[in-house]
Structures are given as C-alpha cells and as structure tokens.
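Participant: Just entry_5.cif, nothing more (mmCIF, C-alpha atoms (C1' of nucleotides)):
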```
data_run
loop_
_atom_site.label_atom_id
_atom_site.label_comp_id
_atom_site.auth_asym_id
_atom_site.auth_seq_id
_atom_site.Cartn_x
_atom_site.Cartn_y
_atom_site.Cartn_z
CA MET A 248 0.00 0.00 0.00
CA PRO A 249 1.44 3.40 -0.96
CA LYS A 250 2.32 5.69 1.92
CA THR A 251 -0.14 8.36 0.91
CA ARG A 252 -2.97 5.90 1.03
CA THR A 253 -1.92 4.68 4.44
CA LYS A 254 -1.94 8.24 5.64
CA SER A 255 -5.41 8.96 4.36
CA LYS A 256 -6.65 5.72 5.85
CA PHE A 257 -5.31 6.82 9.19
CA ARG A 258 -6.86 10.29 8.96
CA GLU A 259 -10.14 8.75 7.97
CA TYR A 260 -10.02 6.44 10.95
CA LEU A 261 -9.40 9.36 13.28
CA LEU A 262 -12.37 11.21 11.79
CA THR A 263 -14.81 8.33 12.13
CA GLN A 264 -13.70 7.79 15.73
CA GLY A 265 -14.06 11.44 16.67
CA LEU A 266 -10.32 11.67 17.21
CA LYS A 267 -8.10 14.50 16.19
CA SER A 268 -5.42 14.70 13.59
CA THR A 269 -2.44 16.16 15.35
CA GLN A 270 1.07 17.13 14.45
CA GLN A 271 2.54 14.35 16.57
CA ARG A 272 0.39 11.67 15.02
CA GLU A 273 1.41 12.83 11.58
CA LEU A 274 5.06 12.84 12.53
CA ILE A 275 4.89 9.43 14.10
CA LEU A 276 3.14 7.91 11.10
CA GLU A 277 5.63 9.58 8.77
CA GLU A 278 8.58 8.13 10.64
CA PHE A 279 6.93 4.76 11.09
CA LEU A 280 6.50 4.43 7.35
CA ARG A 281 9.97 5.70 6.60
CA ALA A 282 11.72 3.35 8.99
CA GLY A 283 11.94 -0.33 8.25
CA SER A 284 9.50 -2.75 9.75
CA HIS A 285 9.67 -4.63 13.04
CA LEU A 286 10.40 -1.57 15.14
CA SER A 287 9.86 -1.53 18.85
CA THR A 288 8.18 1.42 20.51
CA GLU A 289 11.56 2.49 21.78
CA ASP A 290 13.21 2.23 18.36
CA LEU A 291 10.65 4.57 16.91
CA TYR A 292 10.73 6.86 19.91
CA LEU A 293 14.48 7.30 19.62
CA ARG A 294 14.32 7.97 15.90
CA LEU A 295 11.67 10.60 16.46
CA ARG A 296 13.56 12.27 19.27
CA LYS A 297 16.46 12.99 16.96
CA LYS A 298 14.27 15.10 14.73
CA ASN A 299 11.90 16.44 17.32
CA PRO A 300 12.91 16.19 20.97
CA ARG A 301 9.52 17.42 22.06
CA ILE A 302 7.75 14.12 21.72
CA GLY A 303 6.86 11.78 24.53
CA TYR A 304 7.29 8.06 24.81
CA ALA A 305 3.68 7.69 25.88
CA THR A 306 2.50 9.41 22.73
CA VAL A 307 4.51 7.10 20.53
CA HIS A 308 3.13 4.14 22.40
CA ARG A 309 -0.46 5.34 22.16
CA THR A 310 -0.11 6.19 18.51
CA LEU A 311 1.28 2.79 17.64
CA LYS A 312 -1.74 1.26 19.33
CA LEU A 313 -3.91 3.50 17.18
CA PHE A 314 -2.13 2.24 14.09
CA ALA A 315 -2.87 -1.30 15.12
CA GLU A 316 -6.51 -0.48 15.84
CA CYS A 317 -7.10 1.02 12.44
CA GLY A 318 -5.31 -1.79 10.67
CA ILE A 319 -2.29 -0.02 9.26
CA ALA A 320 0.13 -1.76 11.59
CA GLU A 321 0.39 -5.01 13.47
CA GLN A 322 1.92 -5.78 16.79
CA ARG A 323 4.35 -8.66 17.08
CA HIS A 324 6.27 -10.35 19.85
CA PHE A 325 9.44 -12.19 19.01
CA GLY A 326 10.37 -13.27 22.49
CA ASP A 327 12.90 -10.58 23.30
CA GLY A 328 10.42 -9.06 25.70
CA GLN A 329 9.35 -6.06 23.73
CA ALA A 330 6.56 -5.53 21.26
CA ARG A 331 7.37 -4.68 17.69
CA TYR A 332 5.18 -3.13 15.03
CA GLU A 333 5.16 -3.63 11.32
CA ALA A 334 3.19 -1.92 8.58
CA SER A 335 0.45 -4.29 7.50
CA ASP A 336 0.01 -5.06 3.85
CA GLN A 337 -3.73 -5.04 3.93
CA GLY A 338 -4.87 -8.63 4.10
CA GLU A 339 -1.51 -9.92 3.00
CA HIS A 340 -0.45 -12.18 5.78
CA HIS A 341 3.07 -13.33 6.29
CA ASP A 342 5.11 -15.22 8.85
CA HIS A 343 8.65 -14.81 10.10
CA LEU A 344 12.03 -16.43 10.03
CA ILE A 345 14.23 -15.13 12.83
CA CYS A 346 17.96 -15.67 13.03
CA VAL A 347 18.82 -16.44 16.63
CA THR A 348 22.39 -15.28 16.11
CA CYS A 349 22.17 -11.93 14.34
CA GLY A 350 18.50 -11.16 14.91
CA ARG A 351 17.72 -10.77 11.23
CA ILE A 352 14.04 -11.13 10.46
CA VAL A 353 12.86 -12.46 7.12
CA GLU A 354 9.22 -12.51 6.10
CA PHE A 355 7.67 -15.35 4.18
CA GLU A 356 4.33 -16.65 3.14
CA ASP A 357 3.23 -20.14 2.29
CA PRO A 358 -0.35 -20.89 1.31
CA ARG A 359 0.20 -24.61 1.74
CA ILE A 360 0.99 -24.13 5.40
CA GLU A 361 -2.04 -21.89 5.86
CA GLN A 362 -4.19 -24.51 4.20
CA LEU A 363 -2.95 -27.22 6.54
CA GLN A 364 -3.52 -24.97 9.52
CA ASP A 365 -7.16 -24.60 8.59
CA GLU A 366 -7.50 -28.33 8.20
CA VAL A 367 -5.95 -29.07 11.56
CA ALA A 368 -8.10 -26.45 13.25
CA ALA A 369 -11.24 -27.86 11.68
CA GLU A 370 -10.35 -31.32 12.96
CA HIS A 371 -10.43 -29.88 16.46
CA GLY A 372 -13.62 -27.92 15.89
CA PHE A 373 -11.84 -24.58 15.84
CA SER A 374 -12.39 -21.74 13.46
CA ILE A 375 -9.23 -19.69 13.14
CA GLU A 376 -9.13 -15.94 13.37
CA ARG A 377 -5.43 -15.47 13.18
CA HIS A 378 -2.24 -17.34 13.70
CA ARG A 379 1.35 -16.88 14.53
CA LEU A 380 4.16 -18.85 12.98
CA GLU A 381 7.76 -18.11 13.75
CA LEU A 382 10.76 -20.16 12.74
CA TYR A 383 13.89 -19.64 14.79
CA GLY A 384 17.25 -20.74 13.49
CA SER A 385 20.47 -19.56 11.85
CA CYS A 386 20.68 -17.69 8.61
CA SER A 387 23.28 -18.70 6.04
CA SER A 388 25.77 -15.94 6.86
CA CYS A 389 25.71 -16.75 10.56
CA ARG A 390 26.21 -20.45 9.91
CA GLN A 391 29.31 -19.77 7.83
CA ALA A 392 30.88 -17.59 10.49
CA MET B 256 7.59 -39.75 30.12
CA PRO B 257 6.61 -41.25 33.49
CA LYS B 258 6.86 -38.93 36.45
CA THR B 259 9.47 -40.99 38.20
CA ARG B 260 11.77 -40.75 35.21
CA THR B 261 11.30 -37.03 35.01
CA LYS B 262 12.26 -36.77 38.63
CA SER B 263 15.42 -38.76 38.22
CA LYS B 264 16.31 -36.78 35.15
CA PHE B 265 16.01 -33.61 37.20
CA ARG B 266 18.08 -34.97 40.09
CA GLU B 267 20.70 -36.11 37.66
CA TYR B 268 20.83 -32.67 36.08
CA LEU B 269 21.30 -31.08 39.48
CA LEU B 270 24.16 -33.44 40.22
CA THR B 271 26.00 -32.84 36.98
CA GLN B 272 25.66 -29.10 37.45
CA GLY B 273 26.91 -29.16 41.01
CA LEU B 274 23.51 -28.04 42.25
CA LYS B 275 21.71 -29.36 45.25
CA SER B 276 18.61 -31.43 45.52
CA THR B 277 16.42 -29.62 47.99
CA GLN B 278 13.05 -30.08 49.54
CA GLN B 279 11.63 -27.09 47.69
CA ARG B 280 12.83 -28.28 44.32
CA GLU B 281 11.28 -31.65 44.95
CA LEU B 282 8.01 -30.09 46.04
CA ILE B 283 7.88 -27.78 43.06
CA LEU B 284 8.59 -30.57 40.62
CA GLU B 285 6.00 -32.76 42.31
CA GLU B 286 3.32 -30.10 42.02
CA PHE B 287 4.36 -29.13 38.52
CA LEU B 288 3.86 -32.69 37.35
CA ARG B 289 0.61 -33.09 39.22
CA ALA B 290 -0.95 -29.91 37.89
CA GLY B 291 -2.04 -29.69 34.30
CA SER B 292 0.18 -28.10 31.72
CA HIS B 293 0.41 -24.48 30.64
CA LEU B 294 0.76 -23.08 34.13
CA SER B 295 2.13 -19.66 34.78
CA THR B 296 4.68 -19.13 37.52
CA GLU B 297 1.97 -17.55 39.60
CA ASP B 298 -0.45 -20.43 39.06
CA LEU B 299 2.11 -22.86 40.37
CA TYR B 300 3.17 -20.57 43.17
CA LEU B 301 -0.40 -20.27 44.44
CA ARG B 302 -0.99 -24.01 44.28
CA LEU B 303 2.20 -24.61 46.26
CA ARG B 304 1.33 -21.99 48.87
CA LYS B 305 -1.84 -23.85 49.77
CA LYS B 306 0.13 -26.90 50.80
CA ASN B 307 3.25 -25.20 52.04
CA PRO B 308 3.12 -21.48 52.80
CA ARG B 309 6.83 -21.39 53.36
CA ILE B 310 7.81 -21.19 49.74
CA GLY B 311 8.84 -18.09 47.86
CA TYR B 312 7.79 -16.82 44.48
CA ALA B 313 11.41 -16.37 43.47
CA THR B 314 12.15 -20.00 44.21
CA VAL B 315 9.28 -21.18 42.06
CA HIS B 316 10.47 -18.91 39.31
CA ARG B 317 14.07 -20.08 39.56
CA THR B 318 13.06 -23.69 39.71
CA LEU B 319 10.88 -23.45 36.62
CA LYS B 320 13.85 -22.00 34.79
CA LEU B 321 15.86 -24.97 35.98
CA PHE B 322 13.21 -27.30 34.58
CA ALA B 323 13.50 -25.56 31.25
CA GLU B 324 17.29 -25.73 31.32
CA CYS B 325 17.35 -29.44 31.91
CA GLY B 326 14.72 -30.11 29.31
CA ILE B 327 11.85 -31.38 31.42
CA ALA B 328 9.74 -28.29 30.81
CA GLU B 329 9.30 -25.65 28.17
CA GLN B 330 8.45 -22.02 28.45
CA ARG B 331 5.63 -20.62 26.34
CA HIS B 332 4.13 -17.22 25.72
CA PHE B 333 0.55 -16.99 24.55
CA GLY B 334 0.26 -13.26 24.43
CA ASP B 335 -1.49 -12.69 27.75
CA GLY B 336 1.70 -11.21 29.10
CA GLN B 337 2.86 -14.00 31.30
CA ALA B 338 5.06 -16.98 30.66
CA ARG B 339 3.64 -20.44 30.95
CA TYR B 340 5.42 -23.75 31.39
CA GLU B 341 4.51 -27.18 30.16
CA ALA B 342 6.08 -30.55 30.76
CA SER B 343 8.01 -31.48 27.68
CA ASP B 344 7.47 -34.87 26.09
CA GLN B 345 11.07 -35.47 25.27
CA GLY B 346 11.52 -34.56 21.64
CA GLU B 347 7.81 -34.76 20.98
CA HIS B 348 6.99 -31.36 19.61
CA HIS B 349 3.51 -29.96 19.44
CA ASP B 350 1.80 -26.71 18.62
CA HIS B 351 -1.23 -24.98 20.07
CA LEU B 352 -4.79 -24.03 19.28
CA ILE B 353 -6.01 -21.29 21.58
CA CYS B 354 -9.64 -20.30 21.95
CA VAL B 355 -9.78 -16.53 22.13
CA THR B 356 -13.12 -16.67 23.95
CA CYS B 357 -12.70 -19.21 26.73
CA GLY B 358 -8.91 -19.49 26.74
CA ARG B 359 -8.93 -23.23 26.21
CA ILE B 360 -5.63 -24.55 24.88
CA VAL B 361 -5.49 -27.62 22.67
CA GLU B 362 -2.27 -29.25 21.60
CA PHE B 363 -1.73 -30.66 18.15
CA GLU B 364 0.98 -31.96 15.94
CA ASP B 365 1.20 -32.12 12.18
CA PRO B 366 4.27 -33.51 10.45
CA ARG B 367 3.15 -32.10 7.11
CA ILE B 368 3.33 -28.58 8.49
CA GLU B 369 6.72 -29.24 10.01
CA GLN B 370 7.94 -30.56 6.71
CA LEU B 371 6.80 -27.45 4.87
CA GLN B 372 8.44 -25.25 7.48
CA ASP B 373 11.77 -26.91 6.82
CA GLU B 374 11.33 -26.43 3.09
CA VAL B 375 10.48 -22.77 3.43
CA ALA B 376 13.40 -22.19 5.77
CA ALA B 377 15.78 -23.91 3.39
CA GLU B 378 14.60 -21.68 0.55
CA HIS B 379 15.74 -18.71 2.61
CA GLY B 380 19.00 -20.32 3.63
CA PHE B 381 17.90 -20.84 7.21
CA SER B 382 18.41 -23.89 9.31
CA ILE B 383 15.68 -24.15 11.91
CA GLU B 384 16.32 -24.82 15.56
CA ARG B 385 12.81 -24.46 16.83
CA HIS B 386 9.53 -22.92 15.88
CA ARG B 387 6.37 -21.57 17.31
CA LEU B 388 2.99 -22.07 15.77
CA GLU B 389 -0.15 -20.85 17.45
CA LEU B 390 -3.61 -20.78 15.98
CA TYR B 391 -6.05 -18.38 17.60
CA GLY B 392 -9.77 -18.74 17.05
CA SER B 393 -13.00 -20.02 18.57
CA CYS B 394 -13.61 -23.53 19.76
CA SER B 395 -16.84 -25.26 18.86
CA SER B 396 -18.56 -24.70 22.19
CA CYS B 397 -17.81 -20.98 22.17
CA ARG B 398 -19.10 -20.61 18.63
CA GLN B 399 -22.41 -22.20 19.58
CA ALA B 400 -22.96 -19.91 22.54
"C1'" DC C 651 -12.61 34.12 18.45
"C1'" DT C 652 -14.59 30.99 22.06
"C1'" DG C 653 -15.42 26.99 24.31
"C1'" DC C 654 -15.36 22.16 24.49
"C1'" DT C 655 -12.89 18.16 24.36
"C1'" DA C 656 -9.13 15.28 22.93
"C1'" DT C 657 -4.13 15.13 23.15
"C1'" DT C 658 0.21 15.62 24.97
"C1'" DG C 659 4.23 14.59 27.76
"C1'" DA C 660 6.31 14.24 32.22
"C1'" DT C 661 5.72 11.45 35.81
"C1'" DA C 662 3.97 7.89 38.46
"C1'" DA C 663 1.81 3.37 38.69
"C1'" DT C 664 1.53 -1.38 37.27
"C1'" DC C 665 2.72 -6.00 36.14
"C1'" DA C 666 5.69 -9.70 35.38
"C1'" DT C 667 10.14 -10.91 36.00
"C1'" DT C 668 14.73 -10.82 37.91
"C1'" DT C 669 18.23 -9.54 41.25
"C1'" DT C 670 19.96 -8.74 45.91
"C1'" DC C 671 21.30 -10.13 50.22
"C1'" DA C 672 21.12 -11.86 54.80
"C1'" DT C 673 19.88 -16.20 56.68
"C1'" DG C 674 19.56 -21.12 56.70
"C1'" DG C 675 20.85 -25.72 55.18
"C1'" DA C 676 23.38 -29.46 52.81
"C1'" DA C 677 27.47 -31.78 51.85
"C1'" DT C 678 32.45 -32.33 52.37
"C1'" DG C 679 36.81 -32.81 54.66
"C1'" DG C 680 38.87 -32.89 58.52
"C1'" DC D 795 31.01 -34.85 65.18
"C1'" DC D 796 32.33 -30.33 63.94
"C1'" DA D 797 33.71 -26.80 60.99
"C1'" DT D 798 33.84 -24.85 56.72
"C1'" DT D 799 32.27 -23.83 52.37
"C1'" DC D 800 29.11 -22.91 49.16
"C1'" DC D 801 24.48 -23.32 47.47
"C1'" DA D 802 19.54 -22.36 48.15
"C1'" DT D 803 15.94 -19.78 50.04
"C1'" DG D 804 12.60 -16.10 50.55
"C1'" DA D 805 11.55 -11.34 51.56
"C1'" DA D 806 12.17 -7.30 49.60
"C1'" DA D 807 13.89 -4.30 46.29
"C1'" DA D 808 15.23 -3.49 41.40
"C1'" DT D 809 14.37 -3.83 36.71
"C1'" DG D 810 12.17 -3.33 32.15
"C1'" DA D 811 8.29 -2.83 29.42
"C1'" DT D 812 3.95 -1.08 29.32
"C1'" DT D 813 0.03 1.66 30.83
"C1'" DA D 814 -2.41 5.21 33.59
"C1'" DT D 815 -2.67 9.97 35.62
"C1'" DC D 816 -3.19 14.71 35.22
"C1'" DA D 817 -2.33 19.53 34.41
"C1'" DA D 818 -1.23 22.10 30.41
"C1'" DT D 819 -1.91 22.52 25.49
"C1'" DA D 820 -3.82 22.27 20.95
"C1'" DG D 821 -7.63 20.81 17.39
"C1'" DC D 822 -11.99 21.59 15.82
"C1'" DA D 823 -16.86 23.09 15.61
"C1'" DG D 824 -19.84 26.79 15.98
#
```
What would the structure in this file look like if it were written as structure tokens?
Facilitator:
Amino acid sequence: MPKTRTKSKFREYLLTQGLKSTQQRELILEEFLRAGSHLSTEDLYLRLRKKNPRIGYATVHRTLKLFAECGIAEQRHFGDGQARYEASDQGEHHDHLICVTCGRIVEFEDPRIEQLQDEVAAEHGFSIERHRLELYGSCSSCRQA
Amino acid sequence: MPKTRTKSKFREYLLTQGLKSTQQRELILEEFLRAGSHLSTEDLYLRLRKKNPRIGYATVHRTLKLFAECGIAEQRHFGDGQARYEASDQGEHHDHLICVTCGRIVEFEDPRIEQLQDEVAAEHGFSIERHRLELYGSCSSCRQA
DNA sequence: CTGCTATTGATAATCATTTTCATGGAATGG
DNA sequence: CCATTCCATGAAAATGATTATCAATAGCAG
C-alpha cells in the first residue's frame, strides 16, 4: 500500500472515531512508514527524538496502538520481551524467520501451510481468526561464520 | 515420560551441574507434574502456597527455569503477558490451538506442516532450531454460545 | 474568536520478571 | 562430630516494558 494511502486511511479512521489529527500523530506515522518494519516502541521513539525532541514516549506508544486499531500496523512479539510493530500489507499475511544469532528477520508466506492450519483447526472444531508462525534458526551468513 | 523418570532426570541434572537437591525443588517438581500443563509461575506458586506457605515466588520462578534448562519443561508465551510452562514430552513437539473466547488450549501436531516449514526455511537459507505455531480462534462450544 | 474536548508529555503506577542479600541448610573434609 | 564452604531460600527491592494519571496545550466546531 502506498504511503499516501496509508496516511489517508489513518486520517479517515481518526475522523470516524471522533479523534483528532495532530502534528505528533502525523510525525509518528511519517517516521513509522519511513523506517523499516519490526520496530519496537523504543526504536521509533528514539528515531523521532532525533528530529523532534519534544515528543513523549507515551504518545509514541499510544499512537502505535492506534495504528494497530485502524489496521495499518500489526503488533508482534518475538520473544525478546518487547513488542514490535510492522506496517500491514492489507490482508496480505506473512510469517517470520528469525535468526537467533544476528537477529535478522525475514518474512515469508506459504499458502500450503495456511491450508494445513485450517484443516488441523477444523479437525479440532476450531475456526481460526489469526495465527502466529515463527521459525527460529540460523541464517546462512551466521552459519558460515 | 513417566513422572518418576522425570524426577530422576532432574536430580541427575542437578548433580551434573553441582547443584543441590532440595526439599523445595522436589516439592515444586511434584506439584508441577501433578498440575495440568500451561501453568504460569503464579499459578504454580499459588498451588504450592496452599500446601506449604513457606515457599517463595522467586524459588518457584528459579526452579521453573531450571526445569526448562534441563529439558523437562518448556516455556511458552501466549500473548497474555505471562510466561507459561509445560512438561516437555522429550523430543515430541507440538503446537497450540487457543480459543480466544474461553482461553482453552489444545495441543496438536502435524508432520506435514513441520515438513513445509523446513522447506520454506531452506529456501531462505535458514536452518531451523525451533519454531512456534499458534492458531487463535473459537472452539466449537464458544461458537455455539 | 470561544469553548469544548481530545491530546500531549512528564511522571507515576503497574505487572511480570529478575536480582539482591542476609539467613539457613546441605554436603564435604577434617 | 564439627567446621567450613558454598548453594539455596525467601523477603524485599530493582528492573524493564507497558500503561495510567493529570495539568497544560492544541484541534476543531460553531
């Protein structure tokens, strides 16, 4: 999704919820889209502070939650104890490969796995809303080292 | 794995690590095995307090970590903010179905999914050490209600 | 512009987890 | 059997991430 569309989607969400479009929220969204994915609240906070020291951690945190609420970002937990957010590609789901040595995160998608997940869930009488699949291991460069 | 074997495995681990077999560690292991799986530290702590009020939270916490270290338990995170532990079936891996309504947790295993995971990882040059697969949805009883 | 209300940001509170540290206990070597 | 050493324990405090509080500020509608 192009950045401009993400921005209008966010503004629209604010409108429909009776929330206000503020300078901070614009700045935070701007930086969130500029920076790579899988940022923690702190990552983003620090990046923002460099450009504008007058921005609070709480605001970054609240705004990221807003992003998640309106569907332009998703929260993730990779086991290092802090939440990370990534821009969501609108219905495009993907899973993650995480290198336990260097921390590199690679996204992937496999419809066959998704298909099997649905089957397994059905066998147990479940209907799936969402899932989480993370593969932890070593990437090729770390194995060579 | 039978409980008695788990206990000896734990005692053996303590020995090889130069650690001591204590009354508390025995009690905690006993209760951990008695109680169902997927217990949080606090769950176990509260259960233990009922029988023996002279046991500290920190000890339960430390002992659960010991269980994980020696391979008789595994730590899990299901997104409710607290770690849970389950007895590990010695190499037998399984994944989880979690009902988002009632919180019920069902274990499952599917070699076809595991196989595909390995393939996908290989395509990206990764060699997998472990993985996490959780399916969140509604169980049949919650959907009927 | 005015007033109402949401937002902000510094700070404090919370929650789970982890560390600290003085005390107690287990095992080992005299 | 005793002493010594070192580990374990548990109460309390520290930590780290997240969330709530609240007075001051800033959007937005009229």
Participant: Distance cut-off 9 Å, counting only C-alpha atoms (C1' of nucleotides) - which residues of chain C neighbour chain B? Return them as a list in words.
Facilitator: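 Using only C-alpha atoms (C1' of nucleotides), chain C residues at most 9 Å from chain B: DC665, DA666, DT667, DT668 and DA676 of chain C.
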Participant: Can you move chain A onto chain B by a least-squares fit over all C-alpha atoms paired in order, then give me the moved copy as a tab-separated table (two decimals) with C-alpha atoms, in the coordinates of the input?
Facilitator:
```
chain	number	residue	atom	x	y	z
A	248	MET	CA	7.55	-39.78	30.13
A	249	PRO	CA	6.59	-41.27	33.51
A	250	LYS	CA	6.83	-38.93	36.47
A	251	THR	CA	9.45	-40.98	38.23
A	252	ARG	CA	11.72	-40.78	35.25
A	253	THR	CA	11.27	-37.04	35.02
A	254	LYS	CA	12.23	-36.77	38.64
A	255	SER	CA	15.39	-38.79	38.26
A	256	LYS	CA	16.31	-36.80	35.19
A	257	PHE	CA	15.99	-33.65	37.21
A	258	ARG	CA	18.07	-34.99	40.11
A	259	GLU	CA	20.69	-36.15	37.68
A	260	TYR	CA	20.82	-32.72	36.10
A	261	LEU	CA	21.31	-31.10	39.49
A	262	LEU	CA	24.15	-33.51	40.26
A	263	THR	CA	26.02	-32.92	37.02
A	264	GLN	CA	25.68	-29.16	37.48
A	265	GLY	CA	26.92	-29.22	41.06
A	266	LEU	CA	23.51	-28.09	42.26
A	267	LYS	CA	21.69	-29.35	45.27
A	268	SER	CA	18.57	-31.40	45.57
A	269	THR	CA	16.40	-29.54	48.00
A	270	GLN	CA	13.02	-30.01	49.57
A	271	GLN	CA	11.58	-27.04	47.69
A	272	ARG	CA	12.78	-28.25	44.33
A	273	GLU	CA	11.24	-31.63	44.98
A	274	LEU	CA	7.97	-30.07	46.03
A	275	ILE	CA	7.85	-27.77	43.06
A	276	LEU	CA	8.56	-30.57	40.61
A	277	GLU	CA	5.96	-32.76	42.31
A	278	GLU	CA	3.29	-30.09	42.00
A	279	PHE	CA	4.34	-29.13	38.49
A	280	LEU	CA	3.84	-32.69	37.33
A	281	ARG	CA	0.59	-33.10	39.20
A	282	ALA	CA	-0.98	-29.93	37.85
A	283	GLY	CA	-2.04	-29.70	34.25
A	284	SER	CA	0.18	-28.12	31.68
A	285	HIS	CA	0.42	-24.49	30.59
A	286	LEU	CA	0.77	-23.11	34.09
A	287	SER	CA	2.14	-19.68	34.74
A	288	THR	CA	4.67	-19.12	37.49
A	289	GLU	CA	1.93	-17.56	39.55
A	290	ASP	CA	-0.47	-20.46	39.01
A	291	LEU	CA	2.08	-22.87	40.35
A	292	TYR	CA	3.11	-20.56	43.14
A	293	LEU	CA	-0.45	-20.27	44.38
A	294	ARG	CA	-1.02	-24.01	44.24
A	295	LEU	CA	2.13	-24.59	46.23
A	296	ARG	CA	1.28	-21.98	48.82
A	297	LYS	CA	-1.89	-23.84	49.73
A	298	LYS	CA	0.09	-26.87	50.78
A	299	ASN	CA	3.20	-25.16	52.01
A	300	PRO	CA	3.02	-21.44	52.74
A	301	ARG	CA	6.73	-21.31	53.34
A	302	ILE	CA	7.73	-21.14	49.72
A	303	GLY	CA	8.79	-18.05	47.84
A	304	TYR	CA	7.74	-16.80	44.46
A	305	ALA	CA	11.37	-16.34	43.48
A	306	THR	CA	12.10	-19.97	44.21
A	307	VAL	CA	9.24	-21.14	42.04
A	308	HIS	CA	10.44	-18.89	39.28
A	309	ARG	CA	14.04	-20.05	39.53
A	310	THR	CA	13.03	-23.68	39.69
A	311	LEU	CA	10.87	-23.43	36.61
A	312	LYS	CA	13.85	-21.98	34.78
A	313	LEU	CA	15.85	-24.97	35.98
A	314	PHE	CA	13.21	-27.29	34.58
A	315	ALA	CA	13.49	-25.57	31.24
A	316	GLU	CA	17.29	-25.74	31.32
A	317	CYS	CA	17.36	-29.45	31.93
A	318	GLY	CA	14.72	-30.13	29.32
A	319	ILE	CA	11.84	-31.37	31.42
A	320	ALA	CA	9.74	-28.29	30.80
A	321	GLU	CA	9.31	-25.65	28.14
A	322	GLN	CA	8.46	-22.03	28.43
A	323	ARG	CA	5.67	-20.61	26.32
A	324	HIS	CA	4.15	-17.21	25.71
A	325	PHE	CA	0.58	-17.00	24.54
A	326	GLY	CA	0.29	-13.25	24.42
A	327	ASP	CA	-1.44	-12.68	27.73
A	328	GLY	CA	1.76	-11.21	29.08
A	329	GLN	CA	2.89	-14.01	31.29
A	330	ALA	CA	5.09	-17.00	30.65
A	331	ARG	CA	3.66	-20.46	30.93
A	332	TYR	CA	5.44	-23.77	31.36
A	333	GLU	CA	4.52	-27.18	30.14
A	334	ALA	CA	6.10	-30.57	30.76
A	335	SER	CA	8.03	-31.51	27.65
A	336	ASP	CA	7.47	-34.88	26.08
A	337	GLN	CA	11.07	-35.48	25.25
A	338	GLY	CA	11.53	-34.64	21.60
A	339	GLU	CA	7.82	-34.77	20.94
A	340	HIS	CA	7.02	-31.38	19.59
A	341	HIS	CA	3.56	-29.98	19.42
A	342	ASP	CA	1.84	-26.71	18.61
A	343	HIS	CA	-1.18	-24.99	20.08
A	344	LEU	CA	-4.73	-24.05	19.31
A	345	ILE	CA	-5.95	-21.31	21.62
A	346	CYS	CA	-9.57	-20.31	22.02
A	347	VAL	CA	-9.72	-16.54	22.21
A	348	THR	CA	-13.03	-16.68	24.04
A	349	CYS	CA	-12.60	-19.22	26.82
A	350	GLY	CA	-8.82	-19.53	26.81
A	351	ARG	CA	-8.84	-23.27	26.27
A	352	ILE	CA	-5.56	-24.58	24.91
A	353	VAL	CA	-5.44	-27.65	22.70
A	354	GLU	CA	-2.21	-29.26	21.60
A	355	PHE	CA	-1.70	-30.67	18.15
A	356	GLU	CA	1.02	-31.95	15.92
A	357	ASP	CA	1.22	-32.10	12.18
A	358	PRO	CA	4.28	-33.49	10.43
A	359	ARG	CA	3.16	-32.08	7.11
A	360	ILE	CA	3.33	-28.56	8.48
A	361	GLU	CA	6.74	-29.22	9.99
A	362	GLN	CA	7.93	-30.55	6.67
A	363	LEU	CA	6.77	-27.43	4.85
A	364	GLN	CA	8.42	-25.24	7.45
A	365	ASP	CA	11.75	-26.87	6.76
A	366	GLU	CA	11.29	-26.39	3.06
A	367	VAL	CA	10.44	-22.73	3.39
A	368	ALA	CA	13.37	-22.15	5.72
A	369	ALA	CA	15.75	-23.86	3.33
A	370	GLU	CA	14.54	-21.64	0.50
A	371	HIS	CA	15.69	-18.67	2.55
A	372	GLY	CA	18.97	-20.26	3.55
A	373	PHE	CA	17.88	-20.81	7.14
A	374	SER	CA	18.40	-23.87	9.24
A	375	ILE	CA	15.69	-24.11	11.86
A	376	GLU	CA	16.34	-24.79	15.50
A	377	ARG	CA	12.85	-24.42	16.77
A	378	HIS	CA	9.57	-22.89	15.84
A	379	ARG	CA	6.42	-21.57	17.29
A	380	LEU	CA	3.01	-22.06	15.76
A	381	GLU	CA	-0.12	-20.86	17.46
A	382	LEU	CA	-3.60	-20.79	16.01
A	383	TYR	CA	-6.02	-18.40	17.64
A	384	GLY	CA	-9.73	-18.76	17.12
A	385	SER	CA	-12.97	-20.04	18.67
A	386	CYS	CA	-13.55	-23.54	19.85
A	387	SER	CA	-16.81	-25.28	18.98
A	388	SER	CA	-18.49	-24.73	22.35
A	389	CYS	CA	-17.74	-21.01	22.31
A	390	ARG	CA	-19.06	-20.64	18.78
A	391	GLN	CA	-22.37	-22.23	19.73
A	392	ALA	CA	-22.85	-19.95	22.70
```
Participant: Suppose you want the space between atom CA of Gln364 of chain A and atom CA of His285 of chain A; what is it in Å?
Facilitator: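 About the pair atom CA of Gln364 of chain A and atom CA of His285 of chain A: they are 24.5 Å apart.
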Participant: Please evaluate the PyMOL selection byres ((chain D) within 9 of (chain A)) against the structure above and give the resulting residues as a PyMOL selection string.
Facilitator: chain D and resi 810-813+820-822
Participant: Report the distance between atom CA of Leu294 of chain B and atom CA of Tyr340 of chain B in Å, rounded to one decimal place.
Facilitator: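 We find that atom CA of Leu294 of chain B and atom CA of Tyr340 of chain B lie 5.4 Å from each other.
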Participant: List the residues selected by the PyMOL selection byres ((chain B) within 12 of (chain A)) in the file shown, writing them as an MDAnalysis selection string.
Facilitator: chainID B and resid 330:338 350:356 359:399
Participant: Atom CA of Leu284 of chain B to atom CA of Gly358 of chain B: how many Å, to one decimal?
Facilitator: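 Atom CA of Gly358 of chain B lies at a distance of 24.9 Å from atom CA of Leu284 of chain B.
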Participant: Can you list, as a ChimeraX atom specification, the residues that the PyMOL selection byres ((chain C and resi 658) around 8) selects here?
Facilitator: /A:303,306 /C:657,659 /D:819
Participant: Determine the nearest neighbour of DA660 of chain C from the options A:Arg294, A:Arg301, A:Lys256, A:Arg272, counting only C-alpha atoms (C1' of nucleotides).
Facilitator: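 Closest to DA660 of chain C, using only C-alpha atoms (C1' of nucleotides): A:Arg301.
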Participant: Can you report as AutoDock Vina command-line options the centre and edge lengths in Å, to one decimal, of an axis-aligned box around the listed atoms of segment 808-818 of chain D padded with 6 Å on each side?
Facilitator:
```
--center_x 6.0 --center_y 9.1 --center_z 35.4 --size_x 30.4 --size_y 37.9 --size_z 24.1
```
Participant: Pick the closest to DT661 of chain C from D:DA823, D:DA805, D:DA814, D:DT799: which is it, counting all atoms listed in the file?
Facilitator: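 Looking only at the distances to DT661 of chain C, the closest residue turns out to be D:DA814.
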